[in-house]
Structures are given as C-alpha cells and as structure tokens.
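Visitor: The structure file protein28.cif (mmCIF, C-alpha atoms and all ligand atoms) is provided below.
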```cif
data_start
loop_
_atom_site.label_atom_id
_atom_site.label_comp_id
_atom_site.auth_asym_id
_atom_site.auth_seq_id
_atom_site.Cartn_x
_atom_site.Cartn_y
_atom_site.Cartn_z
CA MET A 186 -55.07 42.93 -19.84
CA SER A 187 -52.88 42.93 -16.77
CA THR A 188 -51.76 39.54 -15.54
CA HIS A 189 -50.89 40.84 -12.08
CA ARG A 190 -52.75 39.11 -9.28
CA GLN A 191 -54.64 41.40 -6.99
CA ALA A 192 -52.94 41.16 -3.58
CA HIS A 193 -55.30 39.51 -1.11
CA ILE A 194 -55.89 41.77 1.87
CA PRO A 195 -56.91 39.65 4.88
CA ALA A 196 -60.00 40.75 6.77
CA GLN A 197 -57.83 40.98 9.87
CA THR A 198 -55.48 43.57 8.36
CA ALA A 199 -54.35 44.63 11.84
CA ASN A 200 -52.34 41.40 11.92
CA PRO A 201 -49.73 41.62 9.15
CA ILE A 202 -47.81 38.49 10.18
CA ILE A 203 -50.31 35.93 8.94
CA GLY A 204 -51.10 34.76 5.47
CA PRO A 205 -54.59 34.88 4.01
CA GLY A 206 -56.84 31.85 4.12
CA TYR A 207 -55.77 29.21 6.60
CA GLN A 208 -53.79 31.27 9.12
CA GLU A 209 -56.39 33.99 8.94
CA SER A 210 -59.15 31.58 9.97
CA VAL A 211 -57.04 30.19 12.83
CA ALA A 212 -56.35 33.72 14.13
CA THR A 213 -60.04 34.59 13.86
CA TYR A 214 -60.98 31.48 15.88
CA TRP A 215 -58.59 32.37 18.72
CA ASN A 216 -59.45 36.05 18.65
CA LYS A 217 -63.10 35.16 19.27
CA GLU A 218 -62.57 32.22 21.65
CA ARG A 219 -63.99 32.77 25.16
CA ASN A 220 -64.72 29.16 26.25
CA PRO A 221 -65.55 28.77 29.95
CA VAL A 222 -63.54 25.52 29.83
CA ASN A 223 -60.49 27.76 29.49
CA LEU A 224 -61.49 30.97 31.28
CA ARG A 225 -63.20 29.46 34.35
CA LEU A 226 -60.22 27.12 34.88
CA GLY A 227 -57.67 29.90 34.43
CA GLU A 228 -59.43 32.18 36.91
CA ILE A 229 -58.56 29.75 39.70
CA ASP A 230 -54.93 30.94 39.91
CA GLU A 231 -54.61 33.24 36.88
CA LEU A 232 -52.75 30.64 34.83
CA PHE A 233 -54.68 30.34 31.58
CA HIS A 234 -53.97 27.16 29.64
CA HIS A 235 -54.82 26.02 26.12
CA HIS A 236 -53.97 22.39 26.50
CA TYR A 237 -55.45 19.31 28.12
CA GLY A 238 -54.71 17.51 31.37
CA ILE A 239 -52.81 14.40 32.47
CA GLY A 240 -52.85 12.21 35.55
CA ASP A 241 -55.34 10.43 37.76
CA VAL A 242 -58.59 12.18 38.59
CA ASP A 243 -59.74 12.64 42.17
CA TRP A 244 -63.29 11.44 41.52
CA SER A 245 -64.44 12.60 44.96
CA VAL A 246 -65.01 16.03 43.34
CA LEU A 247 -68.26 14.65 41.93
CA GLU A 248 -69.49 13.74 45.42
CA GLY A 249 -70.26 15.61 48.64
CA ASP A 250 -71.77 19.09 48.94
CA PRO A 251 -73.77 19.60 45.70
CA ASP A 252 -73.21 23.36 45.90
CA THR A 253 -69.45 22.94 45.47
CA ILE A 254 -69.31 20.07 42.96
CA GLU A 255 -69.04 22.39 39.96
CA GLN A 256 -66.21 24.50 41.34
CA ARG A 257 -64.32 21.49 42.69
CA THR A 258 -64.62 19.76 39.28
CA ILE A 259 -63.25 22.82 37.51
CA ALA A 260 -60.38 23.06 40.00
CA GLU A 261 -59.58 19.39 39.43
CA MET A 262 -59.47 19.83 35.64
CA HIS A 263 -57.21 22.85 36.10
CA ARG A 264 -54.91 20.85 38.37
CA LEU A 265 -54.53 18.21 35.63
CA GLU A 266 -53.80 20.84 32.95
CA THR A 267 -51.16 22.44 35.16
CA ALA A 268 -49.69 18.96 35.75
CA GLN A 269 -49.40 18.59 31.97
CA ALA A 270 -47.46 21.86 31.70
CA ASN A 271 -45.19 20.83 34.56
CA PHE A 272 -44.54 17.49 32.86
CA LEU A 273 -43.43 19.38 29.75
CA LEU A 274 -41.26 21.82 31.72
CA ASP A 275 -39.64 18.90 33.59
CA ARG A 276 -37.84 18.11 30.29
CA PHE A 277 -35.89 21.38 30.62
CA SER A 278 -33.65 20.59 33.56
CA ASP A 279 -30.79 22.93 32.69
CA ILE A 280 -32.51 26.28 32.20
CA LYS A 281 -30.75 29.07 34.07
CA PRO A 282 -32.01 32.61 34.81
CA HIS A 283 -29.81 34.10 32.06
CA HIS A 284 -31.30 31.79 29.40
CA ARG A 285 -34.07 32.71 27.00
CA VAL A 286 -36.86 30.29 26.13
CA LEU A 287 -39.59 30.37 23.47
CA ASP A 288 -43.20 29.24 23.87
CA ALA A 289 -44.35 28.72 20.27
CA GLY A 290 -48.14 29.01 20.10
CA CYS A 291 -48.42 30.38 23.63
CA GLY A 292 -52.18 30.86 23.89
CA ARG A 293 -53.05 32.98 26.93
CA GLY A 294 -49.58 32.47 28.37
CA GLY A 295 -50.00 29.93 31.22
CA SER A 296 -47.03 27.72 30.32
CA SER A 297 -44.75 30.74 29.72
CA ILE A 298 -45.50 32.19 33.15
CA MET A 299 -44.91 28.80 34.77
CA ALA A 300 -41.53 28.53 32.99
CA HIS A 301 -40.42 31.93 34.25
CA GLU A 302 -41.57 31.17 37.80
CA ARG A 303 -39.74 27.86 37.78
CA PHE A 304 -36.46 28.81 36.07
CA GLY A 305 -36.26 32.60 36.48
CA CYS A 306 -35.45 32.82 32.76
CA GLU A 307 -36.69 35.26 30.13
CA VAL A 308 -39.59 33.94 28.10
CA ASP A 309 -40.96 34.95 24.73
CA GLY A 310 -44.44 33.65 23.93
CA ILE A 311 -45.72 33.95 20.38
CA THR A 312 -49.20 33.66 18.92
CA ILE A 313 -50.97 34.80 15.75
CA SER A 314 -53.96 35.93 17.84
CA ARG A 315 -53.87 39.56 18.93
CA HIS A 316 -56.42 38.79 21.64
CA GLN A 317 -54.21 36.07 23.11
CA ALA A 318 -51.04 38.18 22.99
CA ASP A 319 -52.79 41.13 24.68
CA PHE A 320 -54.43 38.90 27.28
CA ALA A 321 -51.15 37.13 28.10
CA ASN A 322 -49.25 40.44 28.38
CA GLN A 323 -51.89 41.68 30.83
CA GLN A 324 -51.35 38.56 32.93
CA ALA A 325 -47.59 39.14 32.96
CA ALA A 326 -48.16 42.79 33.94
CA LYS A 327 -50.48 41.76 36.80
CA ARG A 328 -47.70 39.56 38.15
CA GLY A 329 -45.09 42.28 37.69
CA ILE A 330 -42.98 40.13 35.34
CA SER A 331 -43.48 42.03 32.04
CA GLY A 332 -39.75 42.70 31.88
CA LYS A 333 -39.06 38.97 31.79
CA VAL A 334 -42.08 37.40 30.10
CA ARG A 335 -43.17 39.00 26.85
CA PHE A 336 -45.87 37.95 24.44
CA HIS A 337 -45.64 38.84 20.78
CA LEU A 338 -47.91 38.77 17.78
CA LYS A 339 -45.68 36.55 15.67
CA ASN A 340 -45.85 33.66 13.27
CA MET A 341 -43.94 30.64 14.59
CA LEU A 342 -42.85 29.72 11.06
CA ASP A 343 -41.05 33.02 10.66
CA THR A 344 -40.44 34.81 13.96
CA GLY A 345 -37.69 37.24 13.01
CA PHE A 346 -35.80 36.37 16.23
CA PRO A 347 -32.02 36.12 15.70
CA PRO A 348 -30.33 32.72 15.18
CA GLY A 349 -29.30 30.78 18.29
CA THR A 350 -31.35 32.97 20.65
CA TYR A 351 -32.98 30.21 22.68
CA GLN A 352 -31.81 27.52 25.04
CA ALA A 353 -35.25 25.94 24.92
CA ILE A 354 -38.30 25.98 22.68
CA TRP A 355 -41.59 24.20 23.14
CA ASN A 356 -44.92 23.71 21.41
CA ASN A 357 -47.65 22.78 23.87
CA GLU A 358 -50.42 21.52 21.57
CA SER A 359 -49.73 23.95 18.77
CA THR A 360 -47.82 21.96 16.13
CA MET A 361 -51.08 20.88 14.47
CA TYR A 362 -51.48 24.39 13.10
CA CYS A 363 -48.54 24.23 10.70
CA ASN A 364 -46.26 22.23 8.46
CA LEU A 365 -43.75 20.40 10.69
CA PHE A 366 -40.80 20.69 8.31
CA ASP A 367 -41.18 24.46 8.14
CA LEU A 368 -41.71 24.68 11.90
CA PHE A 369 -38.70 22.59 12.90
CA ALA A 370 -36.45 24.43 10.42
CA GLU A 371 -37.36 27.66 12.18
CA HIS A 372 -36.88 26.10 15.63
CA ALA A 373 -33.47 24.67 14.69
CA ARG A 374 -32.42 28.10 13.47
CA GLN A 375 -33.42 29.78 16.72
CA LEU A 376 -32.11 27.14 19.15
CA SER A 377 -28.58 27.33 20.45
CA ARG A 378 -26.39 24.30 19.76
CA ASN A 379 -27.33 21.65 22.33
CA GLY A 380 -30.58 23.49 23.05
CA ARG A 381 -33.67 21.47 23.90
CA TYR A 382 -36.98 21.24 22.03
CA VAL A 383 -40.12 19.70 23.56
CA THR A 384 -43.59 19.19 22.21
CA ILE A 385 -46.75 17.69 23.66
CA THR A 386 -49.13 16.94 20.84
CA GLY A 387 -52.00 14.85 19.60
CA CYS A 388 -50.97 12.80 16.58
CA TYR A 389 -52.71 10.11 14.58
CA ASP A 390 -51.33 6.63 14.46
CA ASP A 391 -50.40 6.00 10.84
CA THR A 392 -50.25 2.28 11.47
CA TYR A 393 -53.87 2.56 10.45
CA GLY A 394 -53.29 4.68 7.36
CA LEU A 395 -54.93 8.09 7.23
CA PRO A 396 -56.81 9.95 10.01
CA SER A 397 -59.85 8.27 11.52
CA GLN A 398 -63.24 9.94 11.43
CA ALA A 399 -62.78 11.01 15.06
CA VAL A 400 -59.43 12.66 14.23
CA SER A 401 -61.03 14.43 11.26
CA THR A 402 -63.79 15.69 13.55
CA ILE A 403 -61.18 17.13 15.95
CA ASN A 404 -59.46 18.82 12.99
CA ALA A 405 -62.72 20.42 11.91
CA HIS A 406 -63.57 21.50 15.48
CA TYR A 407 -60.31 23.43 16.01
CA ILE A 408 -59.46 24.25 12.36
CA CYS A 409 -56.23 22.29 12.73
CA ASP A 410 -54.48 19.48 10.85
CA ILE A 411 -53.29 16.71 13.18
CA HIS A 412 -50.11 15.11 11.83
CA PRO A 413 -49.24 11.43 11.68
CA ARG A 414 -46.90 10.31 14.45
CA SER A 415 -44.11 9.35 12.01
CA MET A 416 -43.98 12.82 10.51
CA TYR A 417 -42.64 14.29 13.77
CA PHE A 418 -39.56 12.11 13.57
CA LYS A 419 -39.00 12.69 9.85
CA ALA A 420 -39.25 16.45 10.31
CA MET A 421 -36.93 16.40 13.34
CA ALA A 422 -34.34 14.27 11.54
CA ALA A 423 -34.41 16.71 8.64
CA ASN A 424 -33.78 19.66 10.95
CA ARG A 425 -30.95 18.77 13.36
CA LEU A 426 -33.33 17.74 16.13
CA VAL A 427 -32.46 14.40 17.73
CA PRO A 428 -35.20 12.82 19.88
CA VAL A 429 -34.02 11.99 23.39
CA GLU A 430 -37.35 11.08 25.00
CA VAL A 431 -40.72 9.93 23.69
CA VAL A 432 -43.60 9.41 26.11
CA ASP A 433 -47.00 8.13 25.10
CA LEU A 434 -49.40 10.10 27.34
CA THR A 435 -52.57 8.66 25.82
CA GLN A 436 -53.59 6.63 28.88
CA ALA A 437 -52.63 9.54 31.16
CA THR A 438 -54.98 12.00 29.44
CA ILE A 439 -58.09 9.78 29.21
CA PRO A 440 -59.17 10.46 32.86
CA TYR A 441 -59.10 14.22 32.16
CA TRP A 442 -61.49 13.75 29.24
CA LYS A 443 -63.80 11.54 31.30
CA LEU A 444 -64.01 14.21 33.99
CA ARG A 445 -64.38 17.02 31.44
CA LYS A 446 -67.31 15.16 29.87
CA LYS A 447 -69.13 15.26 33.24
CA SER A 448 -68.32 18.92 33.90
CA SER A 449 -70.52 21.98 33.37
CA VAL A 450 -67.93 23.42 30.97
CA ALA A 451 -67.87 20.51 28.48
CA THR A 452 -67.78 21.81 24.90
CA GLY A 453 -69.17 18.78 23.06
CA ILE A 454 -65.83 17.47 21.74
CA GLU A 455 -65.23 15.17 24.74
CA ASP A 456 -66.78 11.98 23.30
CA VAL A 457 -64.77 12.43 20.10
CA PHE A 458 -61.47 12.61 22.00
CA LEU A 459 -62.45 9.60 24.11
CA GLU A 460 -63.37 7.61 21.00
CA ALA A 461 -60.13 8.61 19.22
CA TYR A 462 -57.91 7.72 22.19
CA THR A 463 -59.63 4.54 23.29
CA GLY A 464 -60.10 3.32 19.71
CA GLY A 465 -56.36 3.55 19.10
CA SER A 466 -56.37 5.94 16.14
CA PHE A 467 -55.02 8.91 18.07
CA GLN A 468 -52.15 9.34 20.53
CA TYR A 469 -51.19 12.04 23.00
CA MET A 470 -47.40 12.22 22.90
CA LEU A 471 -44.49 14.07 24.42
CA ILE A 472 -41.35 14.26 22.30
CA ALA A 473 -38.16 15.90 23.58
CA ALA A 474 -35.22 16.49 21.26
CA ASP A 475 -31.73 17.98 21.38
CA ARG A 476 -30.62 20.48 18.79
CA VAL A 477 -27.30 19.18 17.41
C1 LIG B 1 -56.43 22.98 23.19
O1 LIG B 1 -56.83 24.25 23.27
C2 LIG B 1 -55.57 22.67 22.03
C3 LIG B 1 -55.88 22.80 20.75
C4 LIG B 1 -57.10 23.45 20.31
C5 LIG B 1 -55.05 22.26 19.67
C6 LIG B 1 -55.52 20.89 19.26
C7 LIG B 1 -54.92 19.90 20.15
C8 LIG B 1 -54.94 18.58 19.97
C9 LIG B 1 -54.24 17.66 20.94
C10 LIG B 1 -55.61 17.95 18.84
P1 LIG B 1 -58.01 24.71 24.21
O2 LIG B 1 -57.68 24.50 25.64
O3 LIG B 1 -58.29 26.11 23.80
O4 LIG B 1 -59.24 23.75 23.80
P2 LIG B 1 -60.63 23.68 24.57
O5 LIG B 1 -61.30 25.02 24.42
O6 LIG B 1 -61.38 22.57 23.89
O7 LIG B 1 -60.31 23.37 26.01
MG MG B 2 -58.87 24.03 27.23
#
```
Would you mind writing the file out in structure tokens?
Ligand code: GPP
Ligand code: MG
Guide:
Amino acid sequence: MSTHRQAHIPAQTANPIIGPGYQESVATYWNKERNPVNLRLGEIDELFHHHYGIGDVDWSVLEGDPDTIEQRTIAEMHRLETAQANFLLDRFSDIKPHHRVLDAGCGRGGSSIMAHERFGCEVDGITISRHQADFANQQAAKRGISGKVRFHLKNMLDTGFPPGTYQAIWNNESTMYCNLFDLFAEHARQLSRNGRYVTITGCYDDTYGLPSQAVSTINAHYICDIHPRSMYFKAMAANRLVPVEVVDLTQATIPYWKLRKKSSVATGIEDVFLEAYTGGSFQYMLIAADRV
C-alpha cells in the first residue's frame, strides 16, 4: 500500500498561492463579501476600506431632514474610516516618490490609493482574494494610476518580492489572519534597512489571560485569530523590528462603533465590538516600528 498522501487540491484552484484549509476559507469569505457597510461607504469617493474608524462622531447626522439621515450617517462613518487610514499613513513621514511601499492585506485598495496620492510613491497591495485584487486594480485603472499602484494575488507570508524592496510596509487590520512571527520575518526581509513598519490592529489584552467571549465571537465572525497584545512585541523583537510608537486607539474607535450600530448598514457585530472594547478585554492599537 502506498504511504504517499494524496495532495489536497483546494476548491479555489484558481488561487495557487494559498494553502488548503484556513487560508482557503479566508479567501472564500473575501471573495464572496459584498457588505453594504463597505460598498456603500466606498462609493462616496471611490476609496473602499476594510478597516474601522477613529475620531469623534458628528452626531448631528442623526438629526435634521429624515430623508438624508441615512446618507449623512454613511458619509460620517466613511470620514472616520478615512481618518483612520490617514492616521496610519501619518507614521510614514519620509516617503518619497521614488520609494516603493507595500500594503499587506490590502482589501479593496483604499489605503494603497491614499498612500500614492499622498506620497506619489509606487504601491504594491497584496491580498489572497482574487475578487479584492481585481476590484482594487479596477479602482486604480479608473484613477489612471495603474502604473504606480498595483494589486497582486499574493500571500503576505511569502510574497516573492526581492529583499529590501520597500521603504514602508503596513498591515491595516490584517495581521489577525496569520502567524505574527512568520509575517514579521517576511516583512523584515522585504524592508530596506531603516524602513518603517506600521500596523493598526485589534488585539486582546493578555493581562486577563486568554481571549474573552466577545473576542472569540469576533474571531468566528471574520474567520480570524486575534493575537494577544504582547505577541506583537515578541514577534517584532525576534525580527529586527524596533517599536518607535505605540498608540492605544481603543477610546478613539468606540464612537465609530456607536454610530455604526445606529446605521442602516450595521452587520450585527457592533454590540460585540462595543462590549469587547468597553469591557477592557480588547484593544485597538497602532504600532510603528523601524527595521534595523
Ligand atoms: C474589517 O474589515 C477588518 C477585519 C475583518 C479584520 C478584523 C479586524 C479586527 C480589528 C478584529 P471590514 O471592513 O471588511 O469589516 P466589516 O464588513 O465588518 O466592516
Ligand atoms: Mg468595513
């Protein structure tokens, strides 16, 4: 009898860069995802985000002409999500037009397009979802920036990009889809010496031990695996990434979730995020690090 294992052929065979099982289910989720909470917001200015918002809410959007409350609420949520992306990009002060930057887990490309428009640099966005890569490339084409902003079907743990290619790399709410040690090893390889890495992420506070029920519910909702806060620093220290700035954005994101809960595009996960953040088991963090 042969002892050879039958090679597993993923259902999504058109995507050869992902492994079977976990990554396959994540890609399937994002290939099917068409949530109005992302598409209706993105349609406002054709910047499609897959992250949450920060900053104070203008609560007047829930008042006044009832016919415009819905659209004004959606515009306000979008404003807060764009503010989050700008807060992340603010950590890259030295990007010049000749630099290349990498958006790891780029979603539909909103942050990548913002980076190019702000710095004039070349941007590579990578995702394991063919739908997201195609969608994001169409957005770049519509803006006439396809020569500068390119989206690829690639695995952020193993991109194939040459060593030292990037002056900057970020993960905007995408680290919870992979092992941090593997991820930061790949980032350190691709970053130039003295390059900058930034992540905004949700992490659980391991002061309290393991993930709370609310954090576990978020994991199940998005098929992700939220890491403990301490693991970010261990994985950075192991991979030549030295933190230079840590910002707890938990209080800054709570207003976004309160508004989202009242909006027509709420998905049902809002109360869970509010419970996790206000209960203290979950934190929304920015970490910036230098590649030494
Ligand atoms: C938001 O994406 C981000 C994630 C799904 C990763 C998980 C992030 C954490 C901070 C835990 P999205 O914009 O597609 O989500 P939604 O459809 O709920 O707006
Ligand atoms: Mg969203």
Visitor: Fewer than 4 positions away in the same chain doesn't count, so skip those; otherwise give me all residues within 10 Å of A:Pro396, counting all atoms listed in the file, as a PyMOL selection string.
Guide: chain A and resi 388-391+400-402+404+410-413+461+466-467
Visitor: Select the residues contacting ligand LIG 1 (chain B) at a distance of at most 7 Å, based on only C-alpha atoms and all ligand atoms, then format the selection as a list in words.
Guide: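 Residues satisfying the distance criterion: Asn220, Val222, Asn223, His234, His235, His236, Tyr237, Glu358, Ser359, Met361, Thr386, Gly387, Ile403, Tyr407, Cys409, Ile411, Thr452 and Tyr469 of chain A.
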Visitor: All residues within 12 Å of ligand MG 2 (chain B) are required, counting only C-alpha atoms and all ligand atoms; please report them as JSON, numbers by chain.
Guide: {"A": [215, 218, 219, 220, 221, 222, 223, 224, 225, 226, 227, 232, 233, 234, 235, 236, 237, 238, 259, 262, 263, 265, 266, 267, 269, 292, 293, 295, 357, 358, 407, 441, 442, 445, 450, 451, 452, 454, 455]}
Visitor: Which residues, protein or nucleic acid, reach to within 10 Å of (-55.2, 37.5, 20.7) in the file's coordinates when using only C-alpha atoms, and can you give that as a list of chain:residue names?
Guide: A:Ala212, A:Thr213, A:Tyr214, A:Trp215, A:Asn216, A:Lys217, A:Glu218, A:Gly292, A:Arg293, A:Thr312, A:Ile313, A:Ser314, A:Arg315, A:His316, A:Gln317, A:Ala318, A:Asp319, A:Phe320, A:Ala321, A:His337, A:Leu338
Visitor: So which residues touch A:Ser377 within 9 Å, counting all atoms listed in the file, skipping near sequence neighbours fewer than 2 positions away, as a ChimeraX atom specification?
Guide: /A:348-353,373-375,379-381,476-477
Visitor: From the options A:Val383, A:Asn364, A:Ala399, A:Pro347, which residue's atoms come nearest to A:Tyr207, counting only C-alpha atoms?
Guide: A:Asn364
Visitor: Can you work out the spacing between atom CA of A:Val457 and atom CA of A:Gly240 in Å, to one decimal?
Guide: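 Here the two named atoms are 19.5 Å from each other.
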Visitor: Skipping near chain neighbours, those fewer than 5 positions away, what residues fall within 10 Å of A:Lys443 using only C-alpha atoms, listed as a PDB file with C-alpha atoms, keeping the file's coordinate frame?
Guide:
```
ATOM      1  CA  VAL A 242     -58.590  12.180  38.590  1.00  0.00           C
ATOM      2  CA  THR A 438     -54.980  12.000  29.440  1.00  0.00           C
ATOM      3  CA  SER A 448     -68.320  18.920  33.900  1.00  0.00           C
ATOM      4  CA  GLU A 455     -65.230  15.170  24.740  1.00  0.00           C
ATOM      5  CA  ASP A 456     -66.780  11.980  23.300  1.00  0.00           C
ATOM      6  CA  PHE A 458     -61.470  12.610  22.000  1.00  0.00           C
ATOM      7  CA  LEU A 459     -62.450   9.600  24.110  1.00  0.00           C
TER       8      LEU A 459
END
```
Visitor: So, with all atoms listed in the file as the atoms that count, which of A:His372, A:Lys339, A:Lys419, A:Lys447 lies closest to A:Gln208?
Guide: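 The closest residue to A:Gln208 is A:Lys339.
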Visitor: To one decimal place in Å, what is the distance between atom CA of A:Thr435 and atom CA of A:Cys363?
Guide: 22.1 Å
Visitor: Could you tell me which of A:Phe336, A:Phe366, A:Phe277, A:Phe346 comes closest to A:Gln324 if we count only C-alpha atoms?
Guide: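 Going through A:Phe336, A:Phe366, A:Phe277, A:Phe346 one by one, the smallest distance to A:Gln324 is for A:Phe336.
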Visitor: I need the residue nearest A:Cys306 from this list: A:Trp244, A:Met341, A:Ala370, A:Lys281. Use all atoms listed in the file for the distance.
Guide: A:Lys281
Visitor: Atom CA of A:Thr392 to atom CA of A:Ile472: how many Å, to one decimal?
Guide: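 Computing it gives 18.4 Å between the two atoms.
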Visitor: Hey, can I get the axis-aligned box for stretch 432-447 of chain A? All listed atoms, 4 Å padding on each side, centre and edge lengths in Å to one decimal, as lines of an AutoDock Vina configuration file.
Guide:
```
center_x = -56.4
center_y = 11.8
center_z = 29.5
size_x = 33.5
size_y = 18.4
size_z = 16.9
```
Visitor: Kindly add all heavy atoms to the incomplete stretch 247-257 of chain A and provide the output as a compact mmCIF listing (two decimals), in the frame of the given file.
Guide:
```txt
# COMPACT_ATOMS: atom_id res chain seq x y z
N LEU A 247 -66.88 14.79 42.40
CA LEU A 247 -68.26 14.65 41.93
C LEU A 247 -69.22 14.24 43.06
O LEU A 247 -70.40 14.02 42.82
CB LEU A 247 -68.34 13.62 40.79
CG LEU A 247 -67.54 13.98 39.52
CD1 LEU A 247 -67.64 12.86 38.49
CD2 LEU A 247 -68.04 15.29 38.92
N GLU A 248 -68.66 14.14 44.26
CA GLU A 248 -69.49 13.74 45.42
C GLU A 248 -69.50 14.85 46.46
O GLU A 248 -68.84 15.87 46.29
CB GLU A 248 -68.90 12.47 46.06
CG GLU A 248 -68.94 11.26 45.14
CD GLU A 248 -67.92 10.20 45.53
OE1 GLU A 248 -67.28 10.34 46.59
OE2 GLU A 248 -67.75 9.26 44.75
N GLY A 249 -70.24 14.64 47.53
CA GLY A 249 -70.26 15.61 48.64
C GLY A 249 -71.20 16.77 48.37
O GLY A 249 -72.16 16.63 47.61
N ASP A 250 -70.91 17.90 48.99
CA ASP A 250 -71.77 19.09 48.94
C ASP A 250 -72.12 19.45 47.49
O ASP A 250 -71.24 19.87 46.72
CB ASP A 250 -71.02 20.25 49.62
CG ASP A 250 -71.85 21.53 49.63
OD1 ASP A 250 -72.98 21.53 49.11
OD2 ASP A 250 -71.33 22.53 50.17
N PRO A 251 -73.39 19.32 47.10
CA PRO A 251 -73.77 19.60 45.70
C PRO A 251 -73.48 21.03 45.28
O PRO A 251 -73.25 21.30 44.10
CB PRO A 251 -75.29 19.33 45.67
CG PRO A 251 -75.66 18.75 46.98
CD PRO A 251 -74.53 18.94 47.94
N ASP A 252 -73.46 21.95 46.24
CA ASP A 252 -73.21 23.36 45.90
C ASP A 252 -71.77 23.61 45.46
O ASP A 252 -71.48 24.63 44.83
CB ASP A 252 -73.49 24.27 47.11
CG ASP A 252 -74.97 24.32 47.44
OD1 ASP A 252 -75.78 23.90 46.57
OD2 ASP A 252 -75.32 24.74 48.56
N THR A 253 -70.86 22.70 45.80
CA THR A 253 -69.45 22.94 45.47
C THR A 253 -68.91 21.97 44.41
O THR A 253 -67.75 22.06 44.03
CB THR A 253 -68.56 22.85 46.73
OG1 THR A 253 -68.67 21.52 47.28
CG2 THR A 253 -68.97 23.86 47.78
N ILE A 254 -69.79 21.06 43.94
CA ILE A 254 -69.31 20.07 42.96
C ILE A 254 -68.76 20.76 41.71
O ILE A 254 -67.68 20.43 41.22
CB ILE A 254 -70.44 19.08 42.58
CG1 ILE A 254 -70.66 18.11 43.74
CG2 ILE A 254 -70.11 18.33 41.29
CD1 ILE A 254 -71.80 17.11 43.52
N GLU A 255 -69.48 21.76 41.21
CA GLU A 255 -69.04 22.39 39.96
C GLU A 255 -67.66 23.03 40.13
O GLU A 255 -66.75 22.79 39.31
CB GLU A 255 -70.06 23.43 39.50
CG GLU A 255 -69.70 23.92 38.11
CD GLU A 255 -70.39 25.20 37.69
OE1 GLU A 255 -70.91 25.94 38.55
OE2 GLU A 255 -70.39 25.45 36.47
N GLN A 256 -67.49 23.81 41.17
CA GLN A 256 -66.21 24.50 41.34
C GLN A 256 -65.08 23.51 41.63
O GLN A 256 -63.96 23.66 41.14
CB GLN A 256 -66.33 25.55 42.46
CG GLN A 256 -65.16 26.53 42.53
CD GLN A 256 -64.87 27.26 41.20
OE1 GLN A 256 -65.77 27.49 40.39
NE2 GLN A 256 -63.61 27.56 40.95
N ARG A 257 -65.37 22.47 42.39
CA ARG A 257 -64.32 21.49 42.69
C ARG A 257 -63.93 20.71 41.42
O ARG A 257 -62.76 20.35 41.23
CB ARG A 257 -64.79 20.54 43.81
CG ARG A 257 -64.75 21.21 45.20
CD ARG A 257 -65.08 20.26 46.34
NE ARG A 257 -66.50 19.91 46.39
CZ ARG A 257 -66.99 18.69 46.32
NH1 ARG A 257 -66.18 17.65 46.17
NH2 ARG A 257 -68.29 18.47 46.38
```
